[in-house]
Each structure stands twice: as C-alpha cells, then as structure tokens.
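Worksheet for the structure shown next.
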Amino acid sequence: MSQPAQEPQEPEAPHLDFQGTTPYEDYVQADVLTHLQHTRSDDPGEMVFLVTTQVMELWFTVIVHEWETAARALREDRVPVAIDALKRSVRELDALNASWRPLGQLTPAQFNSYRAALGEGSGFQSAMYRRMEFLLGEKSASMLVPHRGAPRVHAELEKALHEPSLYDEVLRLLDRRGHVVPEAVLTRDVTLRYEPSDAVEQVWTGLYSGDADDELARLGEALTDVAELVWRWRNDHLVATRRAMGAKTGTGGSAGVAWLEKRAQKNVFPELWTARSHV
C-alpha cells in the first residue's frame, strides 16, 4: 500500500521577538551609524558626499588597525602574521579606493552646490588618515596642530608620531636577520619623515635577486602591494579634486590640486621601488 505524500515542511522562521534591541543592532550599532548624517545644505548631492566621506573614515580605521597589527608582529619577529595583516589591508585599500567612484565625476557646479557647507573642513584634517600617513613614514609634527582642541585625538596622534613607522619596524627586522642596515637608519629620529637610503636599497636588491619564496622577499611584495594602492588612492583623490574644482584653493586653505600633485609623486617604501632597477 503506497504511503501518502508528505506535505513539504516550511522552513523554520527566524527568531523575531527580542527584549530591547536586536543582537545585530547591539553588535553593529547600525542605528548610531545611520543617524550620523547631518547635511548642511538643501542640495540632495551633499548626502552622498557626506556618507562617502564617513565610509572612508571607517576604512582608515580598519587599515590603521591592520598596519599596527603588522608593526607589532614585526617587532615580535612574527613575519607570517605581519604578511597576513598587510594582505588584508590590500583588500581594504581596494575598498577604500572604490569609495571615490560616487564622487569621482562631480562637476564644479555639482560640488559648488554644497561646497560652502564644508566651511574650513578638509580631508587633510582627518586624524585617522594622519595616523595612516604616520604609519607609512610620512611624519610631520605640524600636522598635530589642527587637533589641539581635541585632547584624546591629539594624544593618539602624538603617540603615533613618536612611534616607529611600519617601515621602521621592517628595517629593524632586516637588521636582526643579518642584513646591513646603517645605524643612522636604525636610530633615526622617527618623528621625522623617512628619507631613502642607498644601503637599504642594496638590501632589497639582494633579497629580490635571491629566492622569491624567501619570507623577507614575500614581506617586500606585501609592502609593495600596499604602496601601490596608497599611490592609487592619492592619484584618485587628485583626479576627483581636479574634476570637481580645478586649480582653485582647496577647502581648509590647502593648495588643492597643487598639494595633491606633490603628494602623488611620492613613493611609499621608496627603496622597494628603486631596488627593482638593480635586479
């Protein structure tokens, strides 16, 4: 005797009844994030500018976390941990750079419709971006000045200014591994901008001339991936600014495009690039 066909079971419904906020909200704080947008003009285009800028700040925060993780791992001679953090930051830099897409084709008229709402606000005042630059070796004590009115932020930046950069930690690791890094490089004033060294270039030339699977050579490639995407970030910023406002003075009194052009010409981790000419 045939068995009667069974009714298909409905999938179990998710738990919908919570006391207070949902666990998702407790973890993500979405209600906080989605109520931080306070536009200052009547132009509907300002919303995307504000949200995109806030998203960039979140990516800065993640990337700083990854580079600080990598720097700490290098101090502890845990190179694989550092490489993993750098590789994660590469994916995050890709996402950060994609943030320019909503803003990359702004016309001057579109940007001018809400530019006045920015007042003296400018991206160079971003404390988290400044921490990124400090980790890359782009140190400048003068960049702490805009943050004197925010004691916690100022203290965090001052701490970052006086700590070795990510690249300083790389060079110290190379020295501990027996490579000839000049004492002047190892004991330099880390509050100053890093300057290239011919001797460091020779170290990287030797590493790149050897086993491509060597741990330090792989570290160099992970750093180069980071450096390339930082360069792309700077260039995308330059192009977006040039399209939106031409050569006018930037918000906050910066030189605008001229200042960004100067920044875009600089290589991060310079000897990793110049050493390639000698391999």
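Each chain in the structure tokens gets a letter, A, B, ..., in the order shown, and its residues are numbered from 1; ligands are numbered from 1 in order too.
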
* **Close residues, A:Leu166 itself excluded, 9 Å, only C-alpha atoms, min 6 positions apart in chain, as JSON, numbers by chain** => {"A": [67, 68, 70, 71, 72, 74, 134, 135, 136, 137]}

Produce a file of the selected residues containing C-alpha atoms, as an mmCIF file, in the first residue's frame.
data_model
loop_
_atom_site.group_PDB
_atom_site.id
_atom_site.type_symbol
_atom_site.label_atom_id
_atom_site.label_comp_id
_atom_site.auth_asym_id
_atom_site.auth_seq_id
_atom_site.Cartn_x
_atom_site.Cartn_y
_atom_site.Cartn_z
ATOM 1 C CA TRP A 67 49.182 48.187 9.915
ATOM 2 C CA GLU A 68 49.546 48.495 13.678
ATOM 3 C CA ALA A 70 51.673 44.194 11.257
ATOM 4 C CA ALA A 71 54.120 46.546 13.016
ATOM 5 C CA ARG A 72 53.618 44.770 16.335
ATOM 6 C CA LEU A 74 57.328 42.532 13.061
ATOM 7 C CA PHE A 134 52.450 58.354 10.080
ATOM 8 C CA LEU A 135 52.493 54.554 9.842
ATOM 9 C CA LEU A 136 53.775 54.914 6.270
ATOM 10 C CA GLY A 137 56.674 57.087 7.500
#

* **Test item: residues at most 8 Å from A:Glu66, only C-alpha atoms, excluding those fewer than 2 positions along its chain, as a PyMOL selection string** => chain A and resi 62-64+68-70+85-86+88-89

* Secondary structure check, alpha helix (DSSP H) residues of stretch 113-202 of chain A, as a PyMOL selection string -> chain A and resi 113-115+127-135+151-162+166-176+183-186+198-202

* Excluding stretch 210-227 of chain A and any residue of its chain fewer than 6 positions from it, enumerate the residues within 6 Å of it, using only C-alpha atoms, and give them as a PyMOL selection string. => chain A and resi 83+90+268

Contact check, stretch 68-112 of chain A to stretch 33-54 of chain A, at most 12 Å, counting only C-alpha atoms, closest pairs as a Markdown table:
| residue | atom | partner | partner_atom | distance |
| --- | --- | --- | --- | --- |
| A:Ala95 | CA | A:Thr52 | CA | 11.7 |
| A:Leu96 | CA | A:Thr52 | CA | 9.8 |
| A:Asn97 | CA | A:Thr52 | CA | 11.1 |
| A:Ala98 | CA | A:Thr52 | CA | 10.1 |
| A:Ser99 | CA | A:Thr52 | CA | 6.4 |
| A:Trp100 | CA | A:Thr52 | CA | 8.0 |
| A:Arg101 | CA | A:Thr52 | CA | 9.4 |
| A:Pro102 | CA | A:Val48 | CA | 7.3 |
| A:Leu103 | CA | A:Phe49 | CA | 6.9 |
| A:Gly104 | CA | A:Phe49 | CA | 10.6 |
| A:Gln105 | CA | A:Phe49 | CA | 11.9 |
| A:Leu106 | CA | A:Gly45 | CA | 9.7 |
| A:Thr107 | CA | A:Gly45 | CA | 11.5 |
| A:Ala109 | CA | A:Gly45 | CA | 11.2 |
| A:Gln110 | CA | A:Gly45 | CA | 7.5 |
| A:Phe111 | CA | A:Gly45 | CA | 8.3 |
| A:Asn112 | CA | A:Asp43 | CA | 10.0 |

Please dump the current selection as a CSV table (one decimal), in the first residue's frame; keep C-alpha atoms.
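Wrote part-v7.csv, looks like this:
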chain,number,residue,atom,x,y,z
A,95,ALA,CA,37.5,49.0,-1.0
A,96,LEU,CA,38.7,52.4,0.2
A,97,ASN,CA,39.8,53.4,-3.3
A,98,ALA,CA,36.5,52.3,-4.7
A,99,SER,CA,34.9,55.0,-2.4
A,100,TRP,CA,36.0,57.6,-4.9
A,101,ARG,CA,33.5,56.2,-7.5
A,102,PRO,CA,30.5,58.1,-6.2
A,103,LEU,CA,32.5,61.3,-6.1
A,104,GLY,CA,34.9,60.8,-9.0
A,105,GLN,CA,32.8,62.5,-11.6
A,106,LEU,CA,31.5,65.5,-9.7
A,107,THR,CA,31.3,68.6,-11.9
A,109,ALA,CA,28.7,73.1,-10.5
A,110,GLN,CA,27.6,70.0,-8.5
A,111,PHE,CA,30.4,70.4,-6.0
A,112,ASN,CA,29.8,74.1,-5.6

* To do: Name the closest residue to A:Asp168 among the candidates A:Pro23, A:Pro196, A:Gly123, A:Gly206; distances are taken between atoms, counting only C-alpha atoms.
  =>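 Using only C-alpha atoms, A:Asp168 sits closest to A:Pro196.
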
* Looking at only C-alpha atoms, which of A:Lys139, A:Arg152, A:His179, A:Arg242 is the one that sits closest to A:Ala258? ->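 Looking at the shortest contact to A:Ala258, the residue is A:Arg242.
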
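Across the model, the gap from atom CA of A:Val190 to atom CA of A:Asp236 is 28.6 Å.
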